[in-house]
>>> print(open('structure24.csv').read())   # CSV, C-alpha atoms
chain,number,residue,atom,x,y,z
A,79,MET,CA,19.2,-17.0,-3.8
A,80,ASN,CA,17.6,-13.8,-4.8
A,81,LYS,CA,14.1,-15.1,-4.0
A,82,PHE,CA,15.4,-16.2,-0.5
A,83,LYS,CA,16.8,-12.7,0.1
A,84,LYS,CA,13.5,-11.1,-1.0
A,85,SER,CA,11.5,-13.4,1.2
A,86,LEU,CA,13.8,-12.7,4.2
A,87,MET,CA,13.5,-9.0,3.6
A,88,ALA,CA,9.7,-9.2,3.3
A,89,LEU,CA,9.6,-11.2,6.6
A,90,MET,CA,11.8,-8.6,8.3
A,91,ILE,CA,9.6,-5.8,7.1
A,92,VAL,CA,6.4,-7.6,8.3
A,93,ILE,CA,8.0,-8.3,11.8
A,94,GLY,CA,9.3,-4.7,12.1
A,95,THR,CA,6.1,-3.1,10.9
A,96,CYS,CA,4.0,-5.3,13.3
A,97,THR,CA,6.1,-4.6,16.3
A,98,ALA,CA,6.7,-0.9,15.7
A,99,PRO,CA,3.1,0.2,16.2
A,100,VAL,CA,2.8,-1.8,19.4
A,101,ALA,CA,6.1,-0.4,20.7
A,102,ALA,CA,5.1,3.1,19.8
A,103,LEU,CA,1.7,2.8,21.4
A,104,SER,CA,3.2,1.1,24.5
A,105,SER,CA,5.7,4.0,24.9
A,106,PHE,CA,2.7,6.4,25.3
A,107,GLY,CA,1.7,4.6,28.5
A,108,GLN,CA,5.2,4.3,30.0
A,109,GLU,CA,4.9,7.5,32.0
A,110,LEU,CA,2.4,7.5,34.8
A,111,GLU,CA,1.6,10.1,37.4
A,112,GLY,CA,2.4,9.1,41.0
A,113,ALA,CA,0.2,9.7,44.0
A,114,ASP,CA,2.4,12.6,45.0
A,115,GLY,CA,2.0,14.4,41.7
A,116,GLN,CA,5.5,13.4,40.4
A,117,ILE,CA,5.9,11.7,37.0
A,118,VAL,CA,7.4,8.2,37.2
A,119,ASP,CA,8.1,6.0,34.2
A,120,ALA,CA,8.1,2.2,33.8
A,121,ASN,CA,11.8,1.9,34.8
A,122,THR,CA,11.2,3.7,38.1
A,123,LYS,CA,10.6,1.3,41.0
A,124,THR,CA,7.5,2.3,42.9
A,125,ASN,CA,5.5,0.6,45.6
A,126,SER,CA,2.2,1.6,44.2
A,127,PRO,CA,-0.4,-1.1,45.1
A,128,LYS,CA,-2.4,-0.5,42.0
A,129,LYS,CA,-1.3,-0.9,38.4
A,130,GLY,CA,-3.1,-0.3,35.2
A,131,GLY,CA,-3.6,2.0,32.3
A,132,GLY,CA,-1.0,0.2,30.1
A,133,PHE,CA,-1.5,-0.8,26.5
A,134,TYR,CA,-2.5,-4.4,27.5
A,135,ASP,CA,-5.1,-3.2,30.0
A,136,ILE,CA,-6.5,-0.7,27.6
A,137,VAL,CA,-7.0,-3.4,24.8
A,138,PHE,CA,-8.4,-6.2,27.0
A,139,GLY,CA,-10.1,-4.0,29.5
A,140,SER,CA,-12.2,-1.9,27.1
A,141,GLY,CA,-15.2,-4.2,26.8
A,142,VAL,CA,-16.4,-6.3,23.9
A,143,VAL,CA,-16.9,-3.3,21.6
A,144,GLY,CA,-13.5,-1.9,22.5
A,145,MET,CA,-11.8,-5.3,21.9
A,146,LEU,CA,-13.5,-5.6,18.5
A,147,LEU,CA,-12.3,-2.1,17.6
A,148,TRP,CA,-8.7,-3.0,18.5
A,149,PHE,CA,-8.8,-6.3,16.6
A,150,ALA,CA,-10.1,-4.4,13.6
A,151,LEU,CA,-7.2,-1.9,13.9
A,152,PHE,CA,-4.7,-4.7,14.1
A,153,GLY,CA,-6.3,-6.4,11.1
A,154,ASP,CA,-6.3,-3.2,9.2
A,155,GLY,CA,-2.6,-2.7,9.9
A,156,MET,CA,-1.8,-6.3,8.8
A,157,LEU,CA,-3.7,-5.8,5.6
A,158,ALA,CA,-1.9,-2.6,4.9
A,159,ILE,CA,1.4,-4.3,5.4
A,160,TYR,CA,0.4,-7.2,3.1
A,161,PHE,CA,-0.9,-5.0,0.3
A,162,SER,CA,2.1,-2.7,0.6
A,163,ILE,CA,4.6,-5.5,0.2
A,164,ASP,CA,2.5,-7.1,-2.6
A,165,CYS,CA,2.5,-3.8,-4.5
A,166,LEU,CA,6.2,-3.2,-3.7
A,167,ILE,CA,7.1,-6.6,-5.3
A,168,MET,CA,4.7,-6.0,-8.3
A,169,ILE,CA,5.7,-2.5,-9.2
A,170,LYS,CA,9.3,-3.1,-10.2
A,171,PRO,CA,11.0,-2.4,-13.6
A,172,GLU,CA,12.2,-6.0,-13.9
A,173,LYS,CA,8.6,-7.2,-13.3
A,174,LEU,CA,6.8,-4.7,-15.6
A,175,MET,CA,9.4,-4.3,-18.4
A,176,PRO,CA,11.9,-7.2,-18.4
A,177,ALA,CA,15.2,-6.4,-20.0
A,178,LYS,CA,15.0,-9.7,-21.9
A,179,LEU,CA,11.8,-8.6,-23.6
A,180,ILE,CA,13.2,-5.2,-24.5
A,181,ASP,CA,16.3,-6.7,-26.1
A,182,LYS,CA,14.4,-9.2,-28.2
A,183,VAL,CA,11.8,-6.6,-29.4
A,184,GLN,CA,14.6,-4.1,-30.2
A,185,GLU,CA,16.5,-6.8,-32.2
A,186,ALA,CA,13.3,-7.8,-34.1
A,187,MET,CA,12.3,-4.2,-34.8
A,188,GLY,CA,15.8,-3.5,-36.0
A,189,GLN,CA,15.3,-6.2,-38.6
A,190,GLY,CA,11.8,-5.0,-39.4
A,191,ASP,CA,10.3,-8.3,-38.2
A,192,VAL,CA,7.1,-7.5,-36.4
A,193,VAL,CA,6.1,-11.1,-36.2
A,194,ALA,CA,9.2,-12.0,-34.2
A,195,ALA,CA,8.5,-9.0,-31.9
A,196,MET,CA,5.0,-10.3,-31.3
A,197,GLU,CA,6.3,-13.8,-30.5
A,198,ALA,CA,8.8,-12.3,-28.0
A,199,CYS,CA,5.9,-10.5,-26.3
A,200,GLN,CA,3.9,-13.7,-26.1
A,201,ASN,CA,6.8,-15.6,-24.7
A,202,THR,CA,7.5,-13.0,-22.0
A,203,PRO,CA,4.2,-11.9,-20.5
A,204,SER,CA,4.3,-8.6,-18.6
A,205,ALA,CA,2.8,-5.1,-18.7
A,206,MET,CA,5.3,-4.1,-21.3
A,207,SER,CA,4.4,-7.0,-23.5
A,208,ASN,CA,0.7,-6.2,-23.3
A,209,ILE,CA,1.3,-2.6,-24.5
A,210,LEU,CA,3.6,-3.8,-27.3
A,211,THR,CA,1.1,-6.4,-28.4
A,212,ALA,CA,-1.7,-3.9,-28.5
A,213,ALA,CA,0.5,-1.7,-30.8
A,214,PHE,CA,1.6,-4.6,-33.1
A,215,GLN,CA,-2.0,-5.7,-33.6
A,216,HIS,CA,-2.8,-2.4,-35.3
A,217,VAL,CA,0.3,-2.2,-37.5
A,218,GLU,CA,-1.8,-2.3,-40.7
A,219,GLU,CA,-4.0,0.6,-39.6
A,220,GLY,CA,-1.5,3.4,-39.5
A,221,PHE,CA,0.7,5.2,-36.9
A,222,ASP,CA,-2.2,7.3,-35.5
A,223,VAL,CA,-4.2,4.1,-34.7
A,224,ILE,CA,-1.1,2.5,-33.3
A,225,GLN,CA,-0.6,5.5,-30.9
A,226,GLU,CA,-4.2,5.3,-29.8
A,227,ALA,CA,-3.8,1.6,-29.1
A,228,VAL,CA,-0.6,2.2,-27.1
A,229,ASN,CA,-2.3,4.9,-25.0
A,230,ALA,CA,-5.3,2.7,-24.3
A,231,ALA,CA,-3.2,-0.3,-23.3
A,232,SER,CA,-1.1,2.0,-21.0
A,233,ASP,CA,-4.2,3.2,-19.3
A,234,LEU,CA,-5.4,-0.3,-18.9
A,235,GLU,CA,-2.2,-1.4,-17.3
A,236,GLN,CA,-2.2,1.6,-15.0
A,237,GLU,CA,-5.8,0.8,-14.0
A,238,LYS,CA,-4.8,-2.8,-13.1
A,239,MET,CA,-2.0,-1.6,-10.8
A,240,MET,CA,-4.2,1.1,-9.2
A,241,GLN,CA,-6.9,-1.6,-8.4
A,242,ARG,CA,-4.3,-3.3,-6.2
A,243,LEU,CA,-2.7,-0.1,-4.9
A,244,ASN,CA,-6.1,1.3,-3.8
A,245,TRP,CA,-6.4,-1.3,-1.1
A,246,VAL,CA,-3.4,0.3,0.6
A,247,SER,CA,-5.2,3.6,0.5
A,248,VAL,CA,-8.4,2.0,1.9
A,249,CYS,CA,-6.4,0.6,4.8
A,250,GLY,CA,-4.9,4.0,5.4
A,251,ASN,CA,-8.3,5.7,5.4
A,252,LEU,CA,-9.9,3.1,7.7
A,253,GLY,CA,-7.3,3.6,10.4
A,254,PRO,CA,-8.5,7.1,11.5
A,255,SER,CA,-12.1,6.0,11.1
A,256,LEU,CA,-11.7,3.1,13.5
A,257,GLY,CA,-9.7,5.3,15.9
A,258,LEU,CA,-12.5,7.9,15.8
A,259,LEU,CA,-15.1,5.2,16.5
A,260,GLY,CA,-13.0,4.1,19.5
A,261,THR,CA,-12.7,7.7,20.7
A,262,VAL,CA,-16.5,8.0,20.5
A,263,GLN,CA,-16.9,4.8,22.5
A,264,GLY,CA,-14.5,5.9,25.1
A,265,MET,CA,-16.2,9.3,25.6
A,266,ILE,CA,-19.6,7.5,25.8
A,267,LEU,CA,-18.2,5.3,28.6
A,268,THR,CA,-16.9,8.5,30.3
A,269,PHE,CA,-20.2,10.2,30.3
A,270,GLN,CA,-22.0,7.1,31.4
A,271,ALA,CA,-19.7,6.9,34.4
A,272,LEU,CA,-20.4,10.6,35.1
A,273,ALA,CA,-24.2,10.1,34.7
A,274,SER,CA,-24.2,7.1,37.1
A,275,GLY,CA,-22.6,9.2,39.9
A,276,GLY,CA,-19.1,8.1,39.2
A,277,ALA,CA,-17.5,11.5,39.3
A,278,GLY,CA,-15.5,10.5,42.3
A,279,ASP,CA,-14.1,7.4,40.7
A,280,ALA,CA,-11.1,8.9,39.0
A,281,ALA,CA,-9.7,5.5,37.8
A,282,ALA,CA,-12.9,4.6,35.9
A,283,LEU,CA,-12.9,8.0,34.2
A,284,ALA,CA,-9.2,7.7,33.4
A,285,ASN,CA,-9.7,4.3,31.8
A,286,SER,CA,-12.6,5.6,29.6
A,287,ILE,CA,-10.6,8.6,28.5
A,288,GLY,CA,-7.5,6.5,28.0
A,289,GLN,CA,-9.5,4.2,25.7
A,290,ALA,CA,-10.6,7.2,23.6
A,291,LEU,CA,-7.1,8.5,23.2
A,292,TRP,CA,-5.4,5.2,22.7
A,293,THR,CA,-7.7,4.2,19.8
A,294,THR,CA,-7.1,7.6,18.2
A,295,ALA,CA,-3.3,7.0,18.4
A,296,GLY,CA,-3.7,3.4,17.1
A,297,GLY,CA,-5.6,4.7,14.1
A,298,LEU,CA,-3.0,7.3,13.3
A,299,VAL,CA,-0.1,4.8,13.7
A,300,VAL,CA,-1.8,2.6,11.0
A,301,SER,CA,-2.9,5.4,8.8
A,302,ILE,CA,0.3,7.5,8.5
A,303,PRO,CA,2.6,4.7,7.1
A,304,SER,CA,-0.2,3.4,4.9
A,305,ILE,CA,-0.8,6.7,3.2
A,306,THR,CA,2.9,7.3,2.8
A,307,ALA,CA,3.3,3.9,1.2
A,308,PHE,CA,0.3,4.4,-1.1
A,309,TYR,CA,1.5,7.7,-2.6
A,310,SER,CA,5.1,6.5,-2.9
A,311,LEU,CA,4.0,3.3,-4.8
A,312,ARG,CA,1.5,5.2,-6.9
A,313,ASN,CA,4.1,7.7,-8.1
A,314,ASN,CA,6.5,4.8,-8.9
A,315,ALA,CA,3.8,3.1,-10.9
A,316,ASN,CA,3.0,6.2,-12.9
A,317,ARG,CA,6.7,6.7,-13.7
A,318,LEU,CA,7.0,3.2,-14.9
A,319,ILE,CA,3.9,3.5,-17.1
A,320,LEU,CA,5.2,6.6,-18.7
A,321,ARG,CA,8.6,4.9,-19.2
A,322,MET,CA,6.9,1.9,-20.9
A,323,THR,CA,4.9,4.1,-23.1
A,324,ALA,CA,7.9,6.1,-24.2
A,325,VAL,CA,9.9,2.9,-24.9
A,326,THR,CA,7.1,1.5,-26.9
A,327,MET,CA,6.7,4.6,-29.1
A,328,GLU,CA,10.5,4.6,-29.6
A,329,PHE,CA,10.3,1.0,-30.9
A,330,LEU,CA,7.4,2.0,-33.3
A,331,ASN,CA,9.0,5.2,-34.7
A,332,GLY,CA,10.0,3.2,-37.8
A,333,LEU,CA,6.3,2.6,-38.5
A,334,ARG,CA,5.4,6.3,-38.9
A,335,ASN,CA,5.3,6.0,-42.6
A,336,VAL,CA,3.1,3.0,-42.7
A,337,SER,CA,0.1,3.6,-44.9
A,338,VAL,CA,-3.3,2.0,-44.7
A,339,GLU,CA,-3.5,1.2,-48.4
A,340,GLY,CA,-2.9,-2.5,-48.1
A,341,GLU,CA,-0.6,-5.2,-47.1
A,342,GLU,CA,2.0,-4.5,-49.7
A,343,ALA,CA,2.5,-1.0,-48.3
A,344,VAL,CA,2.9,-2.5,-44.9
A,345,ALA,CA,5.5,-5.0,-46.2
A,346,GLU,CA,7.5,-2.2,-47.8
A,347,ALA,CA,7.5,-0.2,-44.6
>>> encode(input="structure24.csv", output="structure tokens")
Amino acid sequence: MNKFKKSLMALMIVIGTCTAPVAALSSFGQELEGADGQIVDANTKTNSPKKGGGFYDIVFGSGVVGMLLWFALFGDGMLAIYFSIDCLIMIKPEKLMPAKLIDKVQEAMGQGDVVAAMEACQNTPSAMSNILTAAFQHVEEGFDVIQEAVNAASDLEQEKMMQRLNWVSVCGNLGPSLGLLGTVQGMILTFQALASGGAGDAAALANSIGQALWTTAGGLVVSIPSITAFYSLRNNANRLILRMTAVTMEFLNGLRNVSVEGEEAVAEA
């Protein structure tokens, strides 16, 4: 039931995030200037014989290069949604540090049974179990070595999460770049129209300038949510890594007096 609710929520997020940019961009073109200089919107009934300048006309009337740019923007937005949802599901306390694992390790360490604690880590694979396993593997080498192993394992787990999180940042950074490329293409078309003596054709100039502005808006619509999601997920990941490290060191406080003289000293500790 919980998996069904999570899947339904993820589907709603995808649908909402996909439709929101299109609705936002379409709202930019709802207001058009009439022939008499008055502003009319999409809900105003007019008898204008010529229609155009909407979002659909901008996307499919911008030429091959313009259409490729728009498809790249849509693809970038979809990838940003996918990686954001993937990281949102991955970076959760119940995923990284299961309560079942913590209870078993706490019980085993309370009895001084390191072997049972390692078995609990092996039976419950997670980021927390990886950090604990790295610590338990150096039990015979002293507390300082254990602490170094915990820090190294924590850095490794953080790097694993950042490798997936960075894709959200990449999608966020690609949005303005694609929008800027579309802006440059629209301005090139504008100057080409002017150079070919099209200064009197206001519609052609308006379409070229519209292409430039719409792609800029599209890039920003993709970039702003992606960058916001990246920093939010990154901060959450850093908090969980620090929490896992603190919990691990709390479990290992009983090993502070472990010496490196031999197995007998370790057994006594």
>>> atom_distance(input="structure24.csv", atom1="atom CA of Met196 of chain A", atom2="atom CA of Phe214 of chain A")
6.9 Å
>>> residues_around(input="structure24.csv", residues="Ile224 of chain A", least_positions_apart="4", cutoff="9 Å", atoms="all atoms listed in the file", output="MDAnalysis selection string")
chainID A and resid 212:220 228:229 330
>>> residues_near_point(input="structure24.csv", point="(6.7, 3.3, -10.4)", cutoff="12 Å", atoms="only C-alpha atoms", output="number ranges by chain")
A: 165-175, 236, 239-240, 243, 308-322
>>> atom_distance(input="structure24.csv", atom1="atom CA of Thr261 of chain A", atom2="atom CA of Gln289 of chain A")
6.9 Å
>>> atom_distance(input="structure24.csv", atom1="atom CA of Gly190 of chain A", atom2="atom CA of Glu328 of chain A")
13.8 Å
>>> closest_residue(input="structure24.csv", among="A:Pro303, A:Thr323, A:Leu256, A:Ser286", to="Ala230 of chain A", atoms="all atoms listed in the file")
A:Thr323
>>> closest_residue(input="structure24.csv", among="A:Asn331, A:Gly260, A:Met265, A:Phe161", to="Gln241 of chain A", atoms="all atoms listed in the file")
A:Phe161
>>> residues_around(input="structure24.csv", residues="Gly144 of chain A", least_positions_apart="5", cutoff="12 Å", atoms="all atoms listed in the file", output="list of chain:residue names")
A:Asp135, A:Ile136, A:Val137, A:Phe138, A:Gly139, A:Phe149, A:Ala150, A:Leu151, A:Leu256, A:Gly257, A:Leu258, A:Leu259, A:Gly260, A:Thr261, A:Val262, A:Gln263, A:Gly264, A:Met265, A:Ile266, A:Leu267, A:Asn285, A:Ser286, A:Gly288, A:Gln289, A:Ala290, A:Trp292, A:Thr293
>>> closest_residue(input="structure24.csv", among="A:Ser247, A:Gln225, A:Ser232, A:Asn201", to="Ala307 of chain A", atoms="all atoms listed in the file")
A:Ser247
>>> residues_around(input="structure24.csv", residues="Ala186 of chain A", least_positions_apart="3", cutoff="10 Å", atoms="all atoms listed in the file", output="PDB file with C-alpha atoms, in the frame of the given file")
ATOM      1  CA  ILE A 180      13.200  -5.200 -24.500  1.00  0.00           C
ATOM      2  CA  ASP A 181      16.300  -6.700 -26.100  1.00  0.00           C
ATOM      3  CA  LYS A 182      14.400  -9.200 -28.200  1.00  0.00           C
ATOM      4  CA  VAL A 183      11.800  -6.600 -29.400  1.00  0.00           C
ATOM      5  CA  GLN A 189      15.300  -6.200 -38.600  1.00  0.00           C
ATOM      6  CA  GLY A 190      11.800  -5.000 -39.400  1.00  0.00           C
ATOM      7  CA  ASP A 191      10.300  -8.300 -38.200  1.00  0.00           C
ATOM      8  CA  VAL A 192       7.100  -7.500 -36.400  1.00  0.00           C
ATOM      9  CA  VAL A 193       6.100 -11.100 -36.200  1.00  0.00           C
ATOM     10  CA  ALA A 194       9.200 -12.000 -34.200  1.00  0.00           C
ATOM     11  CA  ALA A 195       8.500  -9.000 -31.900  1.00  0.00           C
ATOM     12  CA  MET A 196       5.000 -10.300 -31.300  1.00  0.00           C
ATOM     13  CA  GLU A 197       6.300 -13.800 -30.500  1.00  0.00           C
ATOM     14  CA  ALA A 198       8.800 -12.300 -28.000  1.00  0.00           C
ATOM     15  CA  PHE A 329      10.300   1.000 -30.900  1.00  0.00           C
TER      16      PHE A 329
END
>>> closest_residue(input="structure24.csv", among="A:Ser255, A:Thr326, A:Ser274, A:Thr202", to="Lys178 of chain A", atoms="only C-alpha atoms")
A:Thr202
>>> closest_residue(input="structure24.csv", among="A:Cys249, A:Ala284, A:Pro176, A:Leu272", to="Thr306 of chain A", atoms="all atoms listed in the file")
A:Cys249
>>> closest_residue(input="structure24.csv", among="A:Glu185, A:Glu235, A:Glu226, A:Asp154", to="Ser204 of chain A", atoms="all atoms listed in the file")
A:Glu235
